[in-house]
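Printed here is upload_22.txt (compact mmCIF, C-alpha atoms):
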```
# COMPACT_ATOMS: atom_id res chain seq x y z
CA MET E 51 19.12 -66.41 25.82
CA SER E 52 16.30 -64.22 24.60
CA THR E 53 17.08 -60.75 23.37
CA MET E 54 15.32 -57.85 25.05
CA THR E 55 13.85 -55.19 22.76
CA ASN E 56 12.33 -51.86 23.69
CA VAL E 57 8.99 -51.48 21.97
CA ILE E 58 7.62 -47.95 21.76
CA PRO E 59 3.81 -47.92 21.83
CA ALA E 60 2.09 -46.56 18.75
CA GLY E 61 1.06 -42.93 18.94
CA THR E 62 3.87 -41.86 21.27
CA ARG E 63 6.48 -39.39 20.13
CA ARG E 64 10.15 -40.01 20.40
CA PRO E 65 11.97 -37.43 22.52
CA LYS E 66 13.91 -34.90 20.49
CA ARG E 67 17.63 -35.30 20.65
CA HIS E 68 19.79 -32.24 20.48
CA LEU E 69 23.13 -32.65 18.86
CA HIS E 70 24.59 -30.02 21.18
CA PRO E 71 22.48 -29.84 24.34
CA GLY E 72 24.61 -27.23 26.03
CA ARG E 73 24.82 -24.85 23.06
CA PRO E 74 22.06 -22.17 22.82
CA ARG E 75 20.24 -21.76 19.55
CA ARG E 76 21.27 -18.55 17.81
CA GLY E 77 18.73 -18.54 15.00
CA PRO E 78 15.82 -16.89 16.87
CA VAL E 79 18.13 -14.38 18.53
CA VAL E 80 19.69 -13.31 15.24
CA ALA E 81 16.31 -13.08 13.51
CA THR E 82 14.84 -11.01 16.35
CA THR E 83 17.85 -8.70 16.33
CA VAL E 84 17.57 -8.15 12.57
CA LEU E 85 13.84 -7.40 12.88
CA ILE E 86 14.45 -4.91 15.70
CA LEU E 87 17.18 -3.14 13.73
CA GLY E 88 14.94 -3.01 10.65
CA ALA E 89 12.06 -1.59 12.70
CA LEU E 90 14.33 1.08 14.21
CA TYR E 91 15.67 1.96 10.76
CA CYS E 92 12.11 2.55 9.51
CA LEU E 93 10.57 4.12 12.62
CA VAL E 94 13.30 6.47 13.84
CA PRO E 95 12.83 8.98 10.94
CA VAL E 96 9.07 8.89 11.50
CA ALA E 97 9.55 9.48 15.21
CA TRP E 98 11.85 12.41 14.49
CA VAL E 99 9.27 13.98 12.15
CA LEU E 100 6.57 13.65 14.83
CA VAL E 101 8.83 15.18 17.48
CA ALA E 102 10.11 17.94 15.18
CA SER E 103 6.54 18.95 14.34
CA THR E 104 6.07 20.02 17.98
CA LYS E 105 9.07 22.37 18.02
CA SER E 106 9.31 26.04 17.19
CA ASN E 107 11.54 27.36 14.41
CA SER E 108 14.28 28.40 16.81
CA ALA E 109 14.31 25.06 18.63
CA LEU E 110 14.20 23.13 15.37
CA PHE E 111 17.38 24.68 14.00
CA THR E 112 19.34 24.96 17.25
CA THR E 113 18.86 21.54 18.88
CA PHE E 114 18.60 17.98 17.66
CA THR E 115 16.86 15.96 20.33
CA PHE E 116 13.87 13.65 20.59
CA VAL E 117 12.36 15.76 23.37
CA PRO E 118 8.95 17.11 22.23
CA GLY E 119 8.37 20.83 22.14
CA ALA E 120 5.34 22.95 22.99
CA SER E 121 4.54 24.50 19.60
CA LEU E 122 2.41 21.76 18.06
CA PHE E 123 -0.86 23.68 17.95
CA ASP E 124 0.84 26.85 16.75
CA ASN E 125 2.47 24.91 13.94
CA LEU E 126 -0.86 23.31 13.00
CA ALA E 127 -2.53 26.72 12.89
CA ASP E 128 0.24 28.10 10.68
CA LEU E 129 0.03 25.06 8.42
CA PHE E 130 -3.70 25.25 7.75
CA THR E 131 -3.67 29.04 7.29
CA TYR E 132 -0.70 29.11 4.93
CA GLY E 133 -1.58 30.46 1.51
CA GLY E 134 -5.25 30.83 2.37
CA GLY E 135 -5.67 27.12 3.14
CA SER E 136 -3.39 25.61 0.51
CA PHE E 137 -2.58 22.59 2.67
CA GLY E 138 -6.25 21.66 3.01
CA LEU E 139 -6.67 21.95 -0.76
CA TRP E 140 -3.64 19.75 -1.36
CA ALA E 141 -4.98 17.19 1.10
CA MET E 142 -8.34 17.15 -0.68
CA ASN E 143 -6.59 16.65 -4.01
CA SER E 144 -4.64 13.72 -2.55
CA VAL E 145 -7.88 12.18 -1.34
CA ILE E 146 -9.35 12.52 -4.84
CA TYR E 147 -6.31 11.08 -6.56
CA ALA E 148 -5.63 8.27 -4.08
CA GLY E 149 -9.22 7.43 -3.15
CA GLY E 150 -10.73 7.57 -6.63
CA GLY E 151 -7.73 6.00 -8.30
CA ALA E 152 -7.50 3.18 -5.73
CA VAL E 153 -11.21 2.31 -5.94
CA ALA E 154 -11.24 2.25 -9.74
CA SER E 155 -7.92 0.39 -9.93
CA THR E 156 -9.14 -2.21 -7.43
CA LEU E 157 -12.27 -2.93 -9.47
CA ILE E 158 -10.31 -3.14 -12.72
CA SER E 159 -7.64 -5.36 -11.16
CA THR E 160 -10.28 -7.64 -9.63
CA MET E 161 -12.14 -8.13 -12.90
CA ALA E 162 -8.94 -8.67 -14.89
CA GLY E 163 -7.46 -11.06 -12.34
CA TYR E 164 -10.71 -13.01 -12.11
CA ALA E 165 -10.87 -13.37 -15.89
CA LEU E 166 -7.24 -14.52 -16.11
CA ALA E 167 -7.76 -17.05 -13.34
CA LYS E 168 -11.14 -18.56 -14.24
CA TYR E 169 -11.59 -18.22 -17.98
CA ASP E 170 -9.76 -19.92 -20.80
CA PHE E 171 -9.44 -17.71 -23.87
CA PRO E 172 -6.91 -17.34 -26.68
CA GLY E 173 -3.82 -15.44 -25.64
CA ARG E 174 -4.46 -15.71 -21.91
CA GLN E 175 -0.87 -16.67 -21.09
CA VAL E 176 0.48 -13.95 -23.38
CA TRP E 177 -1.55 -11.33 -21.54
CA PHE E 178 -0.45 -12.72 -18.20
CA TYR E 179 3.24 -12.60 -19.16
CA ALA E 180 2.74 -9.05 -20.42
CA ILE E 181 1.30 -8.13 -17.02
CA LEU E 182 4.29 -9.75 -15.31
CA ALA E 183 6.56 -7.64 -17.50
CA GLY E 184 4.62 -4.59 -16.35
CA VAL E 185 5.26 -5.56 -12.74
CA LEU E 186 9.00 -5.67 -13.38
CA LEU E 187 9.00 -2.33 -15.22
CA PRO E 188 9.70 0.64 -12.88
CA GLY E 189 6.92 3.20 -12.87
CA ILE E 190 9.38 6.06 -13.19
CA THR E 191 10.22 4.99 -16.74
CA LEU E 192 6.60 5.51 -17.79
CA ALA E 193 6.19 9.05 -16.47
CA ILE E 194 7.48 10.87 -19.56
CA PRO E 195 5.59 8.68 -22.09
CA GLN E 196 2.42 9.12 -20.03
CA TYR E 197 2.88 12.88 -20.07
CA LEU E 198 3.32 12.88 -23.84
CA LEU E 199 0.14 10.83 -24.24
CA MET E 200 -1.84 13.10 -21.94
CA ALA E 201 -0.54 16.16 -23.74
CA LYS E 202 -1.59 14.64 -27.07
CA LEU E 203 -5.09 14.06 -25.67
CA GLY E 204 -5.25 17.56 -24.23
CA LEU E 205 -5.51 16.28 -20.65
CA ALA E 206 -2.11 17.41 -19.32
CA GLY E 207 -2.53 19.66 -16.31
CA SER E 208 -5.97 18.29 -15.39
CA TYR E 209 -7.07 15.90 -12.66
CA TRP E 210 -7.45 13.18 -15.29
CA SER E 211 -3.75 13.32 -16.11
CA VAL E 212 -3.02 11.94 -12.62
CA LEU E 213 -6.07 9.69 -12.27
CA LEU E 214 -5.98 7.83 -15.59
CA PRO E 215 -2.40 6.44 -15.33
CA SER E 216 -3.19 5.04 -11.89
CA LEU E 217 -6.19 2.98 -13.04
CA ILE E 218 -4.13 0.07 -14.37
CA SER E 219 -1.93 -1.69 -11.84
CA PRO E 220 -0.04 -4.73 -13.16
CA PHE E 221 0.83 -5.80 -9.63
CA GLY E 222 -2.80 -5.45 -8.55
CA ILE E 223 -3.95 -7.62 -11.46
CA PHE E 224 -1.33 -10.21 -10.57
CA LEU E 225 -2.48 -10.30 -6.93
CA ALA E 226 -6.12 -10.54 -7.98
CA ARG E 227 -5.34 -13.47 -10.28
CA VAL E 228 -3.47 -15.34 -7.56
CA TYR E 229 -6.22 -14.72 -5.02
CA ALA E 230 -9.02 -15.68 -7.42
CA GLN E 231 -7.33 -18.98 -8.20
CA SER E 232 -7.21 -19.98 -4.53
CA ALA E 233 -10.38 -18.37 -3.14
CA ILE E 234 -13.05 -19.12 -5.76
CA PRO E 235 -13.96 -22.81 -6.23
CA THR E 236 -14.52 -23.73 -9.86
CA ASP E 237 -17.16 -26.29 -8.83
CA MET E 238 -19.27 -23.54 -7.30
CA MET E 239 -19.12 -21.56 -10.53
CA GLU E 240 -20.17 -24.62 -12.55
CA ALA E 241 -23.07 -25.26 -10.16
CA ALA E 242 -24.21 -21.67 -10.60
CA ARG E 243 -24.10 -22.05 -14.38
CA ILE E 244 -26.22 -25.20 -14.14
CA ASP E 245 -28.75 -23.22 -12.11
CA GLY E 246 -28.95 -20.70 -14.93
CA ALA E 247 -26.75 -17.89 -13.61
CA GLY E 248 -24.85 -15.86 -16.18
CA ASP E 249 -21.23 -14.78 -16.00
CA ALA E 250 -22.09 -11.33 -14.66
CA ARG E 251 -24.30 -12.82 -11.92
CA ILE E 252 -21.60 -15.33 -10.96
CA PHE E 253 -19.02 -12.58 -10.67
CA THR E 254 -21.13 -10.17 -8.63
CA SER E 255 -22.89 -12.73 -6.40
CA ILE E 256 -20.21 -15.41 -5.92
CA ALA E 257 -16.75 -14.26 -6.93
CA LEU E 258 -16.83 -10.67 -5.68
CA PRO E 259 -17.76 -11.45 -2.03
CA MET E 260 -15.06 -14.13 -1.87
CA MET E 261 -12.42 -11.74 -3.15
CA VAL E 262 -13.09 -8.96 -0.63
CA PRO E 263 -9.95 -9.62 1.49
CA GLY E 264 -7.79 -9.63 -1.63
CA MET E 265 -9.51 -6.49 -2.88
CA VAL E 266 -8.77 -4.76 0.42
CA THR E 267 -5.08 -5.59 0.02
CA ILE E 268 -5.04 -4.25 -3.54
CA PHE E 269 -6.92 -1.11 -2.50
CA LEU E 270 -4.52 -0.39 0.34
CA LEU E 271 -1.43 -0.90 -1.82
CA GLN E 272 -2.84 1.32 -4.54
CA PHE E 273 -3.97 4.00 -2.10
CA VAL E 274 -0.55 4.18 -0.44
CA GLY E 275 1.22 4.16 -3.80
CA ILE E 276 -0.89 6.98 -5.26
CA TRP E 277 -0.86 8.96 -2.00
CA ASN E 278 2.95 8.90 -1.92
CA ASN E 279 3.42 9.38 -5.66
CA PHE E 280 5.46 12.45 -6.47
CA LEU E 281 6.95 12.25 -9.95
CA LEU E 282 3.74 11.76 -11.95
CA PRO E 283 1.80 14.75 -10.53
CA PHE E 284 4.99 16.82 -10.51
CA ILE E 285 5.34 16.28 -14.26
CA MET E 286 1.65 16.46 -15.14
CA LEU E 287 0.44 19.43 -13.10
CA SER E 288 1.37 23.09 -13.36
CA ASP E 289 -1.51 24.61 -11.39
CA GLU E 290 -0.69 24.78 -7.68
CA SER E 291 -4.37 24.43 -6.77
CA LYS E 292 -4.33 20.88 -8.21
CA TYR E 293 -1.20 19.72 -6.41
CA PRO E 294 -1.37 16.68 -4.12
CA LEU E 295 0.35 16.74 -0.74
CA THR E 296 3.63 15.36 -2.06
CA VAL E 297 4.12 18.12 -4.62
CA GLY E 298 2.70 20.77 -2.30
CA LEU E 299 5.13 19.92 0.50
CA PHE E 300 7.95 19.90 -2.04
CA THR E 301 7.07 23.48 -2.98
CA LEU E 302 7.29 24.44 0.69
CA LEU E 303 10.74 22.89 0.92
CA SER E 304 11.90 24.61 -2.26
CA LYS E 305 10.71 27.98 -0.92
CA GLY E 306 12.25 27.29 2.48
CA SER E 307 15.71 28.36 1.34
CA GLY E 308 14.46 31.95 1.28
CA THR E 309 11.97 31.60 4.15
CA PRO E 310 13.29 29.17 6.81
CA SER E 311 9.94 29.17 8.64
CA LEU E 312 8.47 27.11 5.78
CA TYR E 313 10.68 24.19 6.80
CA SER E 314 8.59 23.84 9.96
CA LEU E 315 5.42 23.85 7.88
CA ALA E 316 6.84 21.15 5.60
CA ILE E 317 7.77 18.99 8.58
CA ILE E 318 4.43 19.21 10.33
CA GLY E 319 2.70 18.79 6.97
CA SER E 320 4.61 15.54 6.48
CA ALA E 321 3.52 14.40 9.95
CA VAL E 322 -0.13 15.18 9.22
CA SER E 323 0.01 13.50 5.80
CA ILE E 324 0.87 10.09 7.26
CA ILE E 325 -2.12 10.06 9.64
CA PRO E 326 -4.64 8.89 6.95
CA LEU E 327 -2.32 6.00 6.06
CA ILE E 328 -2.05 4.90 9.69
CA VAL E 329 -5.82 5.13 10.18
CA MET E 330 -6.50 3.17 7.01
CA MET E 331 -4.07 0.44 8.04
CA LEU E 332 -5.74 0.10 11.45
CA VAL E 333 -9.25 0.05 9.97
CA LEU E 334 -8.61 -2.39 7.13
CA GLN E 335 -6.45 -4.89 9.00
CA ARG E 336 -9.55 -6.64 10.38
CA TYR E 337 -10.29 -7.89 6.87
CA TRP E 338 -6.91 -9.63 6.80
CA ARG E 339 -7.57 -11.20 10.18
CA LEU E 340 -10.95 -12.40 8.96
CA ASP E 341 -9.30 -13.90 5.90
CA LEU E 342 -6.73 -15.74 8.02
CA VAL E 343 -9.43 -17.11 10.31
CA SER E 344 -11.60 -18.28 7.42
CA GLY E 345 -8.58 -19.90 5.76
CA GLY E 346 -7.80 -21.76 8.98
CA LEU E 347 -11.37 -23.00 9.27
CA LYS E 348 -11.34 -24.19 5.65
CA GLY E 349 -8.11 -26.06 6.25
```

Serialized structure, structure tokens:
Amino acid sequence: MSTMTNVIPAGTRRPKRHLHPGRPRRGPVVATTVLILGALYCLVPVAWVLVASTKSNSALFTTFTFVPGASLFDNLADLFTYGGGSFGLWAMNSVIYAGGGAVASTLISTMAGYALAKYDFPGRQVWFYAILAGVLLPGITLAIPQYLLMAKLGLAGSYWSVLLPSLISPFGIFLARVYAQSAIPTDMMEAARIDGAGDARIFTSIALPMMVPGMVTIFLLQFVGIWNNFLLPFIMLSDESKYPLTVGLFTLLSKGSGTPSLYSLAIIGSAVSIIPLIVMMLVLQRYWRLDLVSGGLKG
């Protein structure tokens, strides 16, 4: 008798066999539940700040609901007229600190990361490990030493005392190195050298355009970090006219114990201060999408 065998044609896929066909898979449900809870944990305080900014002083201290009030425009008018326009001055200072510091830090991080990724020089690994150590070191531990250095240089209390410490970002250099290793082909750099291009020309004409998506990520992280930084400007600055938003809103809260109406100004000021971050996230996200699409086409 001849044995019968089932031959599966080449190119066909075997049907998947479930060990427990009647049992629902819990992995996606659990993951989705955790993500929803995490999103609520992060968004509920923001939602409360946005709702509270629309309430009057009496409604703010008497009720705790997520029903919007009708005092948004009155609160905005009080905010921008407080102290002769102090909030607008604080916002401009934050733009100077965060914008200028993020742009300069992004350029420095890009150049340093590119050099660590594409050049072989003595002590490269030592410098890289030192940068990794800087990533692991909390920034709060450097605030006092930075103040002592700025005081020694005579820069304490000036704009430079907040700008200079934000120029070097170990995490930004690390990201730039990782991105340069994967985004810039070494063969293209060698071909450019054969054609007579120098290192500066290779960096500006070849490497820099390829690193734009990574630079956007570094810029956004630095901007958000400097915009939300409180301890460094709080230690460095003594002149209220040079305060960023974080320190300025803190002064409103500290004065609110004697003047409860300032609590409303601090709340609506917090709501207004997150608008630039939201706008920047929405504007710059297209660079990440472009990077994902280009990476998929390369693959």

Between atom CA of Pro215 of chain E and atom CA of Met286 of chain E - distance in Å to one decimal | 10.8 Å

Can you tell me, as a list of chain:residue names, which residues sit within 7 Å of (-3.6, 18.0, -1.5) in the file's frame, using all atoms listed in the file?
->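 Collected hits near the coordinates: E:Phe137, E:Gly138, E:Leu139, E:Trp140, E:Ala141, E:Met142, E:Asn143, E:Ser144, E:Tyr293, E:Pro294, E:Leu295, E:Gly298.
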
Box for segment 174-190 of chain E: with edges along x, y and z, all listed atoms inside and 6 Å added on each side, what are the centre and edge lengths in Å to one decimal, as AutoDock Vina command-line options?
```
--center_x 2.6 --center_y -5.3 --center_z -18.1 --size_x 26.2 --size_y 34.7 --size_z 22.6
```

When distances are computed from only C-alpha atoms, which of E:Phe224, E:Phe300, E:Tyr91, E:Phe280 shows the smallest separation from Thr160 of chain E?
->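 For Thr160 of chain E, the nearest of the candidates is E:Phe224.
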
In Å, with one decimal, what is the gap from atom CA of Ala321 of chain E to atom CA of Leu100 of chain E?
->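 Going from atom CA of Ala321 of chain E over to atom CA of Leu100 of chain E covers 5.8 Å.
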
Please work out which residues fall within 10 Å of (-0.1, 17.4, 7.2), coordinates as given in the file, with only C-alpha atoms counting, and return them as an NGL selection string.
-> :E and (103 or 126 or 129-130 or 137-138 or 140-141 or 295 or 299 or 315-326)

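Among the candidates E:Leu213, E:Ala89, E:Val262, E:Val176, the residue lying nearest to Gly149 of chain E is E:Leu213 (atoms considered: all atoms listed in the file).
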
Across E:Ser121, E:Lys168, E:Ile146, E:Leu303, the smallest distance to Asp237 of chain E, with all atoms listed in the file counted, is shown by E:Lys168

Write out as a PyMOL selection string the residues lying within 12 Å of Trp210 of chain E, counting all atoms listed in the file and excluding same-chain residues fewer than 2 positions away.
-> chain E and resi 143+146-147+150-151+196-197+199-201+203-208+212-217+282-283+286-287+292

Please identify all polymer residues within 8 Å of Val101 of chain E, counting all atoms listed in the file, omitting same-chain residues fewer than 4 positions from it, and present them as a PyMOL selection string.
-> chain E and resi 97+105+116-119

Kindly give the distance, in Å, that separates atom CA of Ala120 of chain E and atom CA of Ser106 of chain E, rounded to a single decimal.
-> 7.7 Å

Which residue of E:Ile194, E:Leu302, E:Ile256, E:Leu270 approaches Ile285 of chain E most closely, using all atoms listed in the file =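 Smallest separation from Ile285 of chain E among the options: E:Ile194.
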
Which is closest to Phe269 of chain E among E:Ala242, E:Ile234, E:Ala148, E:Ala257, if we use all atoms listed in the file?
-> E:Ala148

When distances are computed from only C-alpha atoms, which of E:Ser211, E:Ser159, E:Thr254, E:Thr112 shows the smallest separation from Ile223 of chain E?
->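 Under the stated criterion, the closest residue is E:Ser159.
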